[in-house]
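A.B. asks: Next comes the structure file start-v8.cif, holding mmCIF, C-alpha atoms.
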data_start
loop_
_atom_site.label_atom_id
_atom_site.label_comp_id
_atom_site.auth_asym_id
_atom_site.auth_seq_id
_atom_site.Cartn_x
_atom_site.Cartn_y
_atom_site.Cartn_z
CA MET A 1 -49.57 33.64 -26.88
CA SER A 2 -51.47 30.59 -28.02
CA ALA A 3 -52.66 28.04 -25.48
CA LEU A 4 -50.48 25.39 -27.13
CA LYS A 5 -47.35 27.51 -26.76
CA ARG A 6 -48.20 28.32 -23.14
CA ASN A 7 -48.80 24.64 -22.34
CA SER A 8 -45.48 23.72 -23.90
CA LEU A 9 -43.67 26.31 -21.80
CA VAL A 10 -45.40 25.04 -18.65
CA LEU A 11 -44.47 21.47 -19.57
CA ILE A 12 -40.83 22.43 -20.13
CA ALA A 13 -40.76 24.28 -16.80
CA VAL A 14 -42.27 21.30 -14.98
CA LEU A 15 -39.79 18.92 -16.63
CA PHE A 16 -36.94 21.23 -15.70
CA ILE A 17 -38.10 21.31 -12.06
CA PHE A 18 -38.40 17.50 -12.01
CA ALA A 19 -34.93 17.12 -13.56
CA THR A 20 -33.49 19.50 -10.97
CA PHE A 21 -35.12 17.50 -8.16
CA ALA A 22 -33.89 14.23 -9.66
CA TRP A 23 -30.34 15.57 -10.02
CA ALA A 24 -30.38 16.94 -6.45
CA GLY A 25 -31.65 13.59 -5.17
CA TRP A 26 -28.98 11.66 -7.05
CA ALA A 27 -26.21 14.04 -5.91
CA ASN A 28 -27.44 13.74 -2.32
CA PHE A 29 -27.50 9.94 -2.59
CA GLU A 30 -23.94 9.84 -3.98
CA TYR A 31 -22.71 12.22 -1.29
CA ARG A 32 -24.30 10.15 1.48
CA LYS A 33 -22.96 6.92 -0.06
CA GLN A 34 -19.41 8.29 -0.14
CA ALA A 35 -19.75 9.65 3.40
CA ALA A 36 -20.98 6.23 4.58
CA GLU A 37 -18.04 4.50 2.86
CA ARG A 38 -15.60 6.93 4.45
CA LEU A 39 -17.21 6.38 7.83
CA LEU A 40 -17.12 2.61 7.39
CA ALA A 41 -13.45 2.71 6.42
CA SER A 42 -12.57 4.94 9.36
CA VAL A 43 -14.55 2.78 11.79
CA SER A 44 -12.94 -0.46 10.56
CA LYS A 45 -9.43 0.92 10.14
CA GLY A 46 -6.88 -0.25 12.61
CA GLU A 47 -3.99 1.78 13.92
CA LEU A 48 -0.38 1.31 14.81
CA VAL A 49 0.04 1.63 18.54
CA GLN A 50 3.43 2.30 20.03
CA ASP A 51 4.77 -0.60 22.04
CA PRO A 52 5.36 0.73 25.58
CA ALA A 53 8.44 -1.52 25.79
CA GLY A 54 9.92 0.37 22.84
CA GLY A 55 9.57 -2.42 20.27
CA THR A 56 7.94 -2.33 16.86
CA PRO A 57 4.54 -0.58 16.83
CA VAL A 58 1.64 -3.02 17.20
CA TYR A 59 -1.35 -3.06 14.83
CA VAL A 60 -4.67 -2.85 16.66
CA SER A 61 -7.87 -3.44 14.66
CA PRO A 62 -11.39 -2.49 15.78
CA LEU A 63 -12.68 -5.60 13.94
CA VAL A 64 -11.35 -7.93 16.64
CA GLY A 65 -14.28 -9.37 18.62
CA LYS A 66 -16.77 -8.40 15.90
CA ALA A 67 -18.44 -10.38 13.11
CA ALA A 68 -16.19 -10.60 10.06
CA PRO A 69 -17.54 -8.41 7.23
CA ALA A 70 -19.34 -10.56 4.66
CA PHE A 71 -18.08 -10.81 1.11
CA ALA A 72 -18.50 -12.80 -2.08
CA LEU A 73 -15.59 -12.54 -4.51
CA GLU A 74 -14.58 -14.39 -7.66
CA ASP A 75 -11.90 -17.02 -7.57
CA LEU A 76 -9.48 -17.52 -10.45
CA SER A 77 -11.98 -19.75 -12.26
CA GLY A 78 -14.70 -17.10 -12.07
CA ASN A 79 -16.73 -18.82 -9.32
CA LYS A 80 -18.17 -16.71 -6.53
CA VAL A 81 -16.80 -17.61 -3.10
CA SER A 82 -18.37 -16.17 0.02
CA LEU A 83 -16.98 -16.05 3.53
CA GLY A 84 -20.42 -17.10 4.80
CA SER A 85 -20.07 -20.49 3.13
CA TYR A 86 -17.19 -21.32 5.51
CA LYS A 87 -19.25 -20.95 8.69
CA GLY A 88 -18.32 -23.74 11.08
CA LYS A 89 -14.68 -23.56 9.96
CA ALA A 90 -11.87 -21.39 11.23
CA VAL A 91 -10.76 -19.15 8.36
CA LEU A 92 -7.66 -17.10 7.77
CA VAL A 93 -8.59 -14.23 5.46
CA ASN A 94 -5.22 -13.26 4.03
CA PHE A 95 -4.96 -10.11 1.90
CA TRP A 96 -1.89 -10.16 -0.34
CA ALA A 97 -0.64 -8.79 -3.65
CA THR A 98 1.60 -10.05 -6.44
CA TRP A 99 4.00 -7.11 -5.93
CA CYS A 100 4.28 -7.62 -2.16
CA ALA A 101 7.68 -9.10 -1.26
CA PRO A 102 6.83 -9.85 2.42
CA CYS A 103 3.71 -11.72 1.19
CA LYS A 104 6.01 -14.03 -0.78
CA ILE A 105 7.88 -14.93 2.39
CA GLU A 106 4.68 -15.52 4.33
CA THR A 107 2.83 -17.61 1.72
CA PRO A 108 4.88 -20.83 2.04
CA TRP A 109 4.20 -20.73 5.80
CA LEU A 110 0.47 -20.40 5.07
CA VAL A 111 0.59 -23.34 2.66
CA GLU A 112 2.26 -25.51 5.34
CA LEU A 113 -0.07 -24.39 8.12
CA ARG A 114 -3.13 -25.02 5.98
CA ASP A 115 -1.97 -28.60 5.35
CA GLN A 116 -1.27 -29.03 9.06
CA TYR A 117 -4.63 -27.74 10.36
CA ALA A 118 -7.07 -28.50 7.50
CA ALA A 119 -8.24 -31.70 9.20
CA GLN A 120 -9.32 -29.66 12.23
CA GLY A 121 -11.60 -27.51 10.10
CA PHE A 122 -9.24 -24.74 8.99
CA GLU A 123 -9.17 -22.95 5.64
CA ILE A 124 -7.35 -20.00 4.11
CA LEU A 125 -8.86 -17.53 1.67
CA GLY A 126 -6.07 -15.68 -0.12
CA ILE A 127 -7.51 -12.42 -1.39
CA SER A 128 -5.45 -10.55 -3.92
CA SER A 129 -5.57 -6.76 -3.49
CA GLU A 130 -3.51 -5.30 -6.30
CA GLY A 131 -4.33 -1.71 -5.33
CA ASP A 132 -4.42 -0.59 -8.97
CA GLY A 133 -8.08 0.40 -9.06
CA VAL A 134 -8.80 -2.07 -11.87
CA GLY A 135 -12.43 -3.15 -11.98
CA LYS A 136 -14.35 -5.54 -14.21
CA ASP A 137 -15.35 -2.65 -16.49
CA ASP A 138 -11.82 -2.53 -17.84
CA LYS A 139 -11.82 -6.02 -19.36
CA ALA A 140 -8.25 -5.99 -20.70
CA ALA A 141 -6.73 -4.77 -17.42
CA TRP A 142 -8.92 -7.17 -15.41
CA GLU A 143 -7.78 -10.16 -17.46
CA LYS A 144 -4.14 -9.03 -17.24
CA ASP A 145 -4.43 -8.76 -13.45
CA LYS A 146 -6.08 -12.18 -13.31
CA THR A 147 -3.31 -13.77 -15.37
CA THR A 148 -0.60 -12.22 -13.18
CA ILE A 149 -2.36 -13.31 -9.98
CA ALA A 150 -2.81 -16.86 -11.32
CA LYS A 151 0.86 -17.07 -12.30
CA SER A 152 2.02 -15.79 -8.91
CA ALA A 153 -0.35 -18.13 -7.05
CA GLN A 154 0.91 -21.08 -9.08
CA GLN A 155 4.55 -20.21 -8.42
CA MET A 156 3.86 -20.06 -4.69
CA HIS A 157 1.85 -23.33 -4.73
CA MET A 158 -1.20 -21.66 -3.18
CA GLN A 159 -3.55 -24.63 -3.03
CA TYR A 160 -6.19 -22.78 -1.05
CA PRO A 161 -8.87 -20.60 -2.71
CA VAL A 162 -7.36 -17.49 -4.27
CA LEU A 163 -9.89 -14.71 -4.69
CA ILE A 164 -9.49 -11.54 -6.72
CA ASP A 165 -10.55 -7.89 -6.42
CA GLY A 166 -9.87 -7.51 -2.69
CA ASP A 167 -9.81 -3.76 -3.32
CA SER A 168 -13.61 -3.83 -3.70
CA ILE A 169 -14.05 -4.95 -0.06
CA SER A 170 -11.15 -2.94 1.33
CA ASP A 171 -13.29 -0.37 3.18
CA GLN A 172 -15.21 -2.97 5.19
CA TRP A 173 -11.92 -4.55 6.29
CA GLY A 174 -10.27 -1.29 7.33
CA SER A 175 -8.83 0.19 4.10
CA LEU A 176 -6.03 -2.41 3.69
CA ASP A 177 -3.39 0.14 2.84
CA GLU A 178 -0.71 -2.20 4.13
CA LEU A 179 0.01 -5.75 3.02
CA PRO A 180 0.14 -8.53 3.99
CA MET A 181 -2.86 -8.29 6.28
CA SER A 182 -4.39 -11.34 7.95
CA PHE A 183 -7.73 -11.67 9.73
CA PHE A 184 -8.35 -14.81 11.77
CA VAL A 185 -12.03 -15.73 11.86
CA ASP A 186 -13.38 -18.34 14.27
CA ARG A 187 -16.01 -21.02 13.58
CA THR A 188 -18.85 -18.61 14.46
CA GLY A 189 -17.66 -15.98 11.98
CA LYS A 190 -16.08 -13.66 14.56
CA VAL A 191 -12.68 -12.01 14.04
CA VAL A 192 -10.42 -13.22 16.85
CA ALA A 193 -7.08 -11.76 15.75
CA VAL A 194 -5.55 -9.47 13.14
CA GLN A 195 -1.96 -9.38 11.94
CA MET A 196 -0.49 -6.60 9.85
CA GLY A 197 2.73 -7.28 8.02
CA LEU A 198 5.16 -10.12 8.09
CA THR A 199 5.73 -11.41 11.60
CA SER A 200 6.59 -15.09 12.04
CA LYS A 201 5.17 -18.53 11.31
CA ALA A 202 4.77 -19.07 15.05
CA ASP A 203 2.62 -15.92 15.37
CA ILE A 204 0.38 -17.07 12.53
CA GLU A 205 0.10 -20.57 13.99
CA GLY A 206 -0.82 -19.12 17.40
CA ASN A 207 -3.65 -17.14 15.83
CA ILE A 208 -4.84 -20.14 13.80
CA LYS A 209 -5.10 -22.10 17.06
CA LYS A 210 -7.05 -19.21 18.57
CA ALA A 211 -9.46 -19.27 15.59
CA LEU A 212 -9.85 -23.03 15.91
CA GLY A 213 -10.56 -22.66 19.62
CA ASN A 214 -7.60 -24.86 20.59
CA MET B 215 43.07 9.25 47.77
CA SER B 216 42.44 12.05 45.32
CA CYS B 217 43.89 9.87 42.50
CA LEU B 218 41.47 7.11 43.45
CA ALA B 219 38.57 9.57 43.49
CA LEU B 220 39.62 10.81 40.05
CA ALA B 221 39.81 7.23 38.72
CA VAL B 222 36.37 6.46 40.14
CA ASN B 223 35.00 9.67 38.66
CA ARG B 224 36.59 8.91 35.29
CA ASN B 225 35.07 5.41 35.37
CA SER B 226 31.65 6.88 36.20
CA GLY B 227 32.12 9.37 33.40
CA PHE B 228 32.78 6.58 30.91
CA LYS B 229 29.70 4.72 32.14
CA LEU B 230 27.59 7.86 31.87
CA ALA B 231 28.90 8.54 28.36
CA ALA B 232 28.20 4.92 27.35
CA ALA B 233 24.71 5.07 28.85
CA LEU B 234 24.01 8.34 27.02
CA THR B 235 25.30 6.89 23.74
CA ILE B 236 23.08 3.81 24.12
CA ALA B 237 20.09 5.98 25.03
CA PHE B 238 20.74 8.22 22.01
CA ALA B 239 21.05 5.19 19.69
CA ALA B 240 17.81 3.76 21.12
CA LEU B 241 16.05 7.09 20.56
CA LEU B 242 17.40 7.24 17.01
CA ALA B 243 16.20 3.69 16.27
CA GLN B 244 12.83 4.50 17.85
CA GLY B 245 12.64 7.64 15.74
CA GLN B 246 13.29 5.61 12.59
CA ALA B 247 10.63 3.05 13.55
CA ASP B 248 8.20 5.91 14.26
CA SER B 249 9.02 7.52 10.94
CA ALA B 250 8.41 4.29 9.02
CA ALA B 251 5.18 3.77 10.98
CA ARG B 252 4.01 7.30 10.18
CA SER B 253 4.86 6.82 6.50
CA LEU B 254 2.88 3.60 6.52
CA LEU B 255 -0.12 5.35 7.99
CA ASN B 256 -0.24 8.33 5.68
CA GLY B 257 1.12 6.51 2.62
CA ALA B 258 3.63 9.27 1.83
CA ALA B 259 6.72 7.23 1.10
CA VAL B 260 8.34 9.42 -1.56
CA GLU B 261 8.70 13.17 -1.73
CA TYR B 262 9.90 15.26 -4.69
CA LEU B 263 12.60 17.62 -3.53
CA PHE B 264 13.87 19.82 -6.39
CA PRO B 265 14.23 21.57 -8.83
CA GLU B 266 10.96 23.49 -8.84
CA GLN B 267 12.04 25.46 -11.90
CA VAL B 268 14.46 24.79 -14.75
CA THR B 269 15.49 26.92 -17.68
CA VAL B 270 16.52 25.10 -20.86
CA THR B 271 17.26 25.97 -24.45
CA ALA B 272 14.01 25.77 -26.44
CA GLY B 273 13.88 22.95 -28.96
CA LYS B 274 17.12 21.39 -27.74
CA ALA B 275 17.49 18.27 -25.62
CA SER B 276 18.58 19.12 -22.07
CA GLU B 277 19.49 16.98 -19.08
CA VAL B 278 17.65 17.74 -15.84
CA GLU B 279 18.44 16.11 -12.51
CA LEU B 280 15.38 15.38 -10.38
CA HIS B 281 15.89 14.74 -6.69
CA PHE B 282 13.58 12.58 -4.56
CA ARG B 283 13.58 11.52 -0.92
CA ILE B 284 12.21 8.25 0.47
CA ALA B 285 10.84 8.15 4.02
CA GLN B 286 13.21 6.74 6.61
CA GLY B 287 12.98 2.99 7.06
CA MET B 288 11.26 2.52 3.69
CA HIS B 289 12.43 1.49 0.23
CA ILE B 290 10.97 1.47 -3.26
CA ASN B 291 11.80 -0.87 -6.14
CA SER B 292 14.44 0.43 -8.51
CA HIS B 293 13.64 0.83 -12.21
CA ALA B 294 14.89 -2.73 -12.73
CA PRO B 295 13.58 -4.94 -9.92
CA LYS B 296 14.90 -8.49 -9.86
CA ASP B 297 11.49 -10.16 -9.56
CA GLU B 298 9.05 -10.07 -12.49
CA PHE B 299 6.09 -9.32 -10.20
CA LEU B 300 7.62 -6.27 -8.51
CA ILE B 301 6.60 -2.85 -9.79
CA PRO B 302 9.45 -0.73 -11.21
CA THR B 303 9.85 2.94 -10.41
CA THR B 304 9.02 4.97 -13.51
CA PHE B 305 8.98 8.64 -14.38
CA SER B 306 6.80 10.13 -17.12
CA ILE B 307 5.62 13.44 -18.53
CA PRO B 308 2.13 13.53 -20.05
CA ASP B 309 1.88 14.59 -23.70
CA GLY B 310 0.73 18.02 -24.73
CA LEU B 311 2.40 20.07 -22.00
CA GLY B 312 5.04 21.66 -24.23
CA VAL B 313 7.75 19.45 -22.79
CA ARG B 314 8.72 16.08 -24.23
CA LEU B 315 10.54 13.43 -22.26
CA GLU B 316 13.17 11.81 -24.48
CA ARG B 317 14.81 9.47 -22.00
CA VAL B 318 15.30 8.85 -18.31
CA ASN B 319 18.51 7.56 -16.77
CA TYR B 320 17.56 5.74 -13.62
CA PRO B 321 20.18 5.05 -10.95
CA ASP B 322 21.15 1.46 -10.28
CA GLY B 323 19.27 -0.08 -7.38
CA LYS B 324 20.99 -1.12 -4.17
CA ASP B 325 20.89 -4.75 -3.14
CA PHE B 326 18.52 -5.17 -0.23
CA THR B 327 17.36 -8.25 1.66
CA LEU B 328 14.42 -8.66 3.98
CA PRO B 329 15.51 -9.95 7.41
CA LEU B 330 13.36 -13.08 7.05
CA ASP B 331 14.59 -13.88 3.54
CA PRO B 332 18.33 -13.11 3.47
CA GLN B 333 18.98 -15.19 0.32
CA ASN B 334 16.67 -13.19 -1.90
CA LYS B 335 18.17 -9.89 -3.05
CA LEU B 336 15.90 -7.05 -4.07
CA SER B 337 17.00 -4.04 -6.11
CA VAL B 338 15.75 -0.90 -4.38
CA TYR B 339 16.18 2.82 -3.81
CA THR B 340 16.42 4.13 -0.27
CA GLU B 341 16.94 7.58 1.31
CA GLU B 342 17.55 9.98 -1.62
CA PHE B 343 17.80 9.22 -5.32
CA VAL B 344 18.29 11.25 -8.47
CA LEU B 345 16.77 10.69 -11.91
CA GLN B 346 18.37 12.23 -14.97
CA ALA B 347 15.65 13.23 -17.38
CA ARG B 348 16.43 14.30 -20.95
CA ILE B 349 13.74 16.76 -22.01
CA VAL B 350 12.95 18.93 -25.00
CA ALA B 351 10.89 22.03 -24.23
CA GLU B 352 9.10 24.33 -26.61
CA ALA B 353 9.71 28.07 -26.20
CA GLY B 354 7.73 29.56 -23.33
CA ASN B 355 6.84 28.84 -19.74
CA HIS B 356 5.41 25.36 -19.11
CA LEU B 357 4.04 24.27 -15.77
CA VAL B 358 4.60 20.54 -16.09
CA GLU B 359 2.99 18.00 -13.81
CA ALA B 360 5.16 14.97 -14.38
CA LYS B 361 4.48 11.65 -12.63
CA LEU B 362 6.53 9.26 -10.56
CA ARG B 363 5.07 5.79 -10.11
CA TYR B 364 6.53 3.61 -7.39
CA GLN B 365 5.69 0.88 -4.93
CA ALA B 366 7.07 1.23 -1.43
CA CYS B 367 7.68 -1.19 1.41
CA GLU B 368 9.41 -1.32 4.72
CA LYS B 369 10.95 -4.53 6.00
CA SER B 370 7.68 -6.29 6.85
CA VAL B 371 4.90 -4.36 5.11
CA CYS B 372 4.20 -3.03 1.63
CA LEU B 373 2.02 -0.14 0.50
CA PRO B 374 -0.02 -0.22 -2.73
CA PRO B 375 1.58 1.24 -5.88
CA LYS B 376 1.28 4.99 -6.03
CA THR B 377 1.72 7.76 -8.59
CA ILE B 378 2.76 11.15 -7.24
CA PRO B 379 2.79 14.45 -9.14
CA VAL B 380 6.18 16.02 -9.83
CA ALA B 381 5.54 19.71 -10.48
CA ILE B 382 8.27 21.50 -12.45
CA ASP B 383 8.18 24.93 -14.04
CA VAL B 384 10.07 24.47 -17.31
CA ILE B 385 11.15 27.65 -19.09
CA GLY B 386 12.20 27.18 -22.71
CA LYS B 387 14.32 30.08 -23.96
#
Can you present the structure in this file as structure tokens?

C.D. replies:
Amino acid sequence: MSALKRNSLVLIAVLFIFATFAWAGWANFEYRKQAAERLLASVSKGELVQDPAGGTPVYVSPLVGKAAPAFALEDLSGNKVSLGSYKGKAVLVNFWATWCAPCKIETPWLVELRDQYAAQGFEILGISSEGDGVGKDDKAAWEKDKTTIAKSAQQMHMQYPVLIDGDSISDQWGSLDELPMSFFVDRTGKVVAVQMGLTSKADIEGNIKKALGN
Amino acid sequence: MSCLALAVNRNSGFKLAAALTIAFAALLAQGQADSAARSLLNGAAVEYLFPEQVTVTAGKASEVELHFRIAQGMHINSHAPKDEFLIPTTFSIPDGLGVRLERVNYPDGKDFTLPLDPQNKLSVYTEEFVLQARIVAEAGNHLVEAKLRYQACEKSVCLPPKTIPVAIDVIGK
């Protein structure tokens, strides 16, 4: 066997070993990333706790008392909006979807409450979570989603910032398998209350006051 | 005296029966709330019931009734929801499985209103519903994984849209 042939074989073997190591490293990274996401979702996920008085089960979230998870999402005009930029204000982070009938009942209440408390430093971020797994890679589906969300937001007179792709931050906020879901964040960025599902305008107002520190 | 005792006993009996009835109704209502809560947590709102296997004449259109059950306390949109943004229930069979779906007859939805919005009627399926699928199967045994897409809610909460597999063994003879 010539030296050239032997060197080539050695080179191929070395490349193969490197490729195997690279693949193993990548697979390990992906596995750890997925495990971390699962862990994050399970740690942030709330649970329905049976009301001892026999009423409707109550949603209890581990995020209450903790710093609200940071995010930066696009609004309907394509501008990035971050939760961090609202520090100093009380914020209601409201996850909704165009297909969610209870969200449609709740939204007019939110519009009224925002008008009522805006002067005290209150804002709402309406985050659409369509749950259809559509990402920016699928341009046609993304634009279709965006158009539907914009139309729905317009019909409901949502004058507060409407952000899209809530699904991408779902894990940090506890999986968001149920809508509507509202997180009330105080002026320091801490979650002070969480509401799952449609309750009442009075409940929402009570939590807004809590977030404002009234 | 004994008549009085009997009357008192009868009265107590009625009270006991009424108390038991109320307790049973409360347990039933609690059970329904628990069931809806469990469905919310595990996301399993719709279950395919039957048939697991059907035998049809190969190459000829045949009607097959597909039975589904919705978790207690929950509803899904019918095939023709009244609001443009609501997601209709749809059934499909992927191409290339030896079975072609010609048409689906969906049942009419029931009118349903959310307690906090009694004016707005939704068109939904609840409890059990049946789809009539018209299929044409090639000769042979085809393990078909059809799909049912739906979006479920209970009275105050909605779950994201979901597509579940509907496994049917279709024998074309």

A.B. asks: Quick one: which chain A residues come within 9 Å of chain B, and what is the nearest atom pair for each with the distance in Å to one decimal, counting all atoms listed in the file, rows ordered by chain and ascending number, as a tab-separated table?

C.D. replies:
residue	atom	partner	partner_atom	distance
A:Glu47	CA	B:Leu255	CA	7.9
A:Leu48	CA	B:Ala251	CA	7.2
A:Gln50	CA	B:Asp248	CA	8.3
A:Gly54	CA	B:Gln244	CA	7.1
A:Gly55	CA	B:Gln244	CA	8.0
A:Thr56	CA	B:Ala247	CA	6.9
A:Pro57	CA	B:Ala251	CA	7.3
A:Ala97	CA	B:Pro374	CA	8.6
A:Thr98	CA	B:Phe299	CA	5.9
A:Trp99	CA	B:Leu300	CA	4.5
A:Cys100	CA	B:Cys372	CA	6.0
A:Ala101	CA	B:Cys372	CA	7.6
A:Pro102	CA	B:Ser370	CA	5.7
A:Cys103	CA	B:Val371	CA	8.4
A:Ile105	CA	B:Asp331	CA	6.9
A:Ser129	CA	B:Pro374	CA	8.6
A:Glu130	CA	B:Pro374	CA	7.1
A:Gly131	CA	B:Pro374	CA	5.2
A:Asp132	CA	B:Pro375	CA	7.0
A:Thr148	CA	B:Phe299	CA	7.9
A:Ser152	CA	B:Phe299	CA	7.8
A:Leu176	CA	B:Leu373	CA	9.0
A:Asp177	CA	B:Leu373	CA	5.9
A:Glu178	CA	B:Leu373	CA	5.0
A:Leu179	CA	B:Cys372	CA	5.2
A:Pro180	CA	B:Val371	CA	6.4
A:Met181	CA	B:Val371	CA	8.8
A:Met196	CA	B:Val371	CA	7.5
A:Gly197	CA	B:Val371	CA	4.7
A:Leu198	CA	B:Ser370	CA	4.7
A:Thr199	CA	B:Ser370	CA	7.3
A:Ser200	CA	B:Leu330	CA	8.6

A.B. asks: What does the distance from atom CA of B:Ser306 to atom CA of B:Pro321 come to in Å, to one decimal?

C.D. replies: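 Taking atom CA of B:Ser306 as the start and atom CA of B:Pro321 as the end point, the length is 15.6 Å.
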
A.B. asks: Take the PyMOL selection byres ((chain B and resi 263) around 10), apply it to the structure above, and return the hits as an mmCIF file with C-alpha atoms, keeping the file's coordinate frame.

C.D. replies:
data_model
loop_
_atom_site.group_PDB
_atom_site.id
_atom_site.type_symbol
_atom_site.label_atom_id
_atom_site.label_comp_id
_atom_site.auth_asym_id
_atom_site.auth_seq_id
_atom_site.Cartn_x
_atom_site.Cartn_y
_atom_site.Cartn_z
ATOM 1 C CA VAL B 260 8.340 9.420 -1.560
ATOM 2 C CA GLU B 261 8.700 13.170 -1.730
ATOM 3 C CA TYR B 262 9.900 15.260 -4.690
ATOM 4 C CA PHE B 264 13.870 19.820 -6.390
ATOM 5 C CA PRO B 265 14.230 21.570 -8.830
ATOM 6 C CA GLU B 266 10.960 23.490 -8.840
ATOM 7 C CA LEU B 280 15.380 15.380 -10.380
ATOM 8 C CA HIS B 281 15.890 14.740 -6.690
ATOM 9 C CA PHE B 282 13.580 12.580 -4.560
ATOM 10 C CA ARG B 283 13.580 11.520 -0.920
ATOM 11 C CA GLU B 342 17.550 9.980 -1.620
ATOM 12 C CA VAL B 344 18.290 11.250 -8.470
ATOM 13 C CA VAL B 380 6.180 16.020 -9.830
#

A.B. asks: Separation of atom CA of A:Ala211 and atom CA of A:Arg187, in Å?

C.D. replies: 7.1 Å

A.B. asks: From the options B:Val270, B:Ala381, B:Val318, B:Ile290, which residue's atoms come nearest to B:Val358, counting only C-alpha atoms?

C.D. replies: B:Ala381

A.B. asks: Decode the PyMOL selection byres ((chain A and resi 164) around 6) for the given file into explicit residues and return them as a PyMOL selection string.

C.D. replies: chain A and resi 74+127-128+163+165-166

A.B. asks: Taking the file as I've supplied it (selection: the PyMOL selection byres ((chain A and resi 107) around 10)), which residues are included? Please answer as a PyMOL selection string.

C.D. replies: chain A and resi 94+96+102-106+108-113+126+153+156-158+180+201

A.B. asks: Could those residues be written to a file, using C-alpha atoms, as a PDB file, keeping the file's coordinate frame?

C.D. replies:
ATOM      1  CA  ASN A  94      -5.220 -13.260   4.030  1.00  0.00           C
ATOM      2  CA  TRP A  96      -1.890 -10.160  -0.340  1.00  0.00           C
ATOM      3  CA  PRO A 102       6.830  -9.850   2.420  1.00  0.00           C
ATOM      4  CA  CYS A 103       3.710 -11.720   1.190  1.00  0.00           C
ATOM      5  CA  LYS A 104       6.010 -14.030  -0.780  1.00  0.00           C
ATOM      6  CA  ILE A 105       7.880 -14.930   2.390  1.00  0.00           C
ATOM      7  CA  GLU A 106       4.680 -15.520   4.330  1.00  0.00           C
ATOM      8  CA  PRO A 108       4.880 -20.830   2.040  1.00  0.00           C
ATOM      9  CA  TRP A 109       4.200 -20.730   5.800  1.00  0.00           C
ATOM     10  CA  LEU A 110       0.470 -20.400   5.070  1.00  0.00           C
ATOM     11  CA  VAL A 111       0.590 -23.340   2.660  1.00  0.00           C
ATOM     12  CA  GLU A 112       2.260 -25.510   5.340  1.00  0.00           C
ATOM     13  CA  LEU A 113      -0.070 -24.390   8.120  1.00  0.00           C
ATOM     14  CA  GLY A 126      -6.070 -15.680  -0.120  1.00  0.00           C
ATOM     15  CA  ALA A 153      -0.350 -18.130  -7.050  1.00  0.00           C
ATOM     16  CA  MET A 156       3.860 -20.060  -4.690  1.00  0.00           C
ATOM     17  CA  HIS A 157       1.850 -23.330  -4.730  1.00  0.00           C
ATOM     18  CA  MET A 158      -1.200 -21.660  -3.180  1.00  0.00           C
ATOM     19  CA  PRO A 180       0.140  -8.530   3.990  1.00  0.00           C
ATOM     20  CA  LYS A 201       5.170 -18.530  11.310  1.00  0.00           C
TER      21      LYS A 201
END

A.B. asks: Take atom CA of A:Ala67 and atom CA of A:Tyr160 and report the distance between them in Å, one decimal.

C.D. replies: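 If I compute the distance from atom CA of A:Ala67 to atom CA of A:Tyr160, I get 22.5 Å.
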
A.B. asks: When distances are computed from all atoms listed in the file, which of A:Ser175, A:Gln120, A:Ser61, A:Asn28 shows the smallest separation from A:Ala193?

C.D. replies: A:Ser61

A.B. asks: Complete stretch 17-27 of chain A with N, CA and C atoms (output as a short mmCIF file (atom, residue, chain, number, x, y, z; two decimals), keeping the file's coordinate frame).

C.D. replies:
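Final file, selection.cif:
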data_model
loop_
_atom_site.label_atom_id
_atom_site.label_comp_id
_atom_site.auth_asym_id
_atom_site.auth_seq_id
_atom_site.Cartn_x
_atom_site.Cartn_y
_atom_site.Cartn_z
N ILE A 17 -38.05 21.41 -13.53
CA ILE A 17 -38.10 21.31 -12.06
C ILE A 17 -37.90 19.86 -11.63
N PHE A 18 -38.55 18.94 -12.35
CA PHE A 18 -38.40 17.50 -12.01
C PHE A 18 -36.95 17.06 -12.18
N ALA A 19 -36.33 17.51 -13.29
CA ALA A 19 -34.93 17.12 -13.56
C ALA A 19 -34.02 17.66 -12.47
N THR A 20 -34.31 18.90 -12.04
CA THR A 20 -33.49 19.50 -10.97
C THR A 20 -33.62 18.68 -9.69
N PHE A 21 -34.89 18.31 -9.37
CA PHE A 21 -35.12 17.50 -8.16
C PHE A 21 -34.41 16.15 -8.27
N ALA A 22 -34.52 15.54 -9.45
CA ALA A 22 -33.89 14.23 -9.66
C ALA A 22 -32.38 14.33 -9.50
N TRP A 23 -31.80 15.38 -10.11
CA TRP A 23 -30.34 15.57 -10.02
C TRP A 23 -29.93 15.80 -8.56
N ALA A 24 -30.70 16.65 -7.86
CA ALA A 24 -30.38 16.94 -6.45
C ALA A 24 -30.45 15.67 -5.60
N GLY A 25 -31.48 14.84 -5.91
CA GLY A 25 -31.65 13.59 -5.17
C GLY A 25 -30.50 12.65 -5.41
N TRP A 26 -30.09 12.55 -6.69
CA TRP A 26 -28.98 11.66 -7.05
C TRP A 26 -27.67 12.14 -6.40
N ALA A 27 -27.44 13.48 -6.49
CA ALA A 27 -26.21 14.04 -5.91
C ALA A 27 -26.18 13.79 -4.40
#
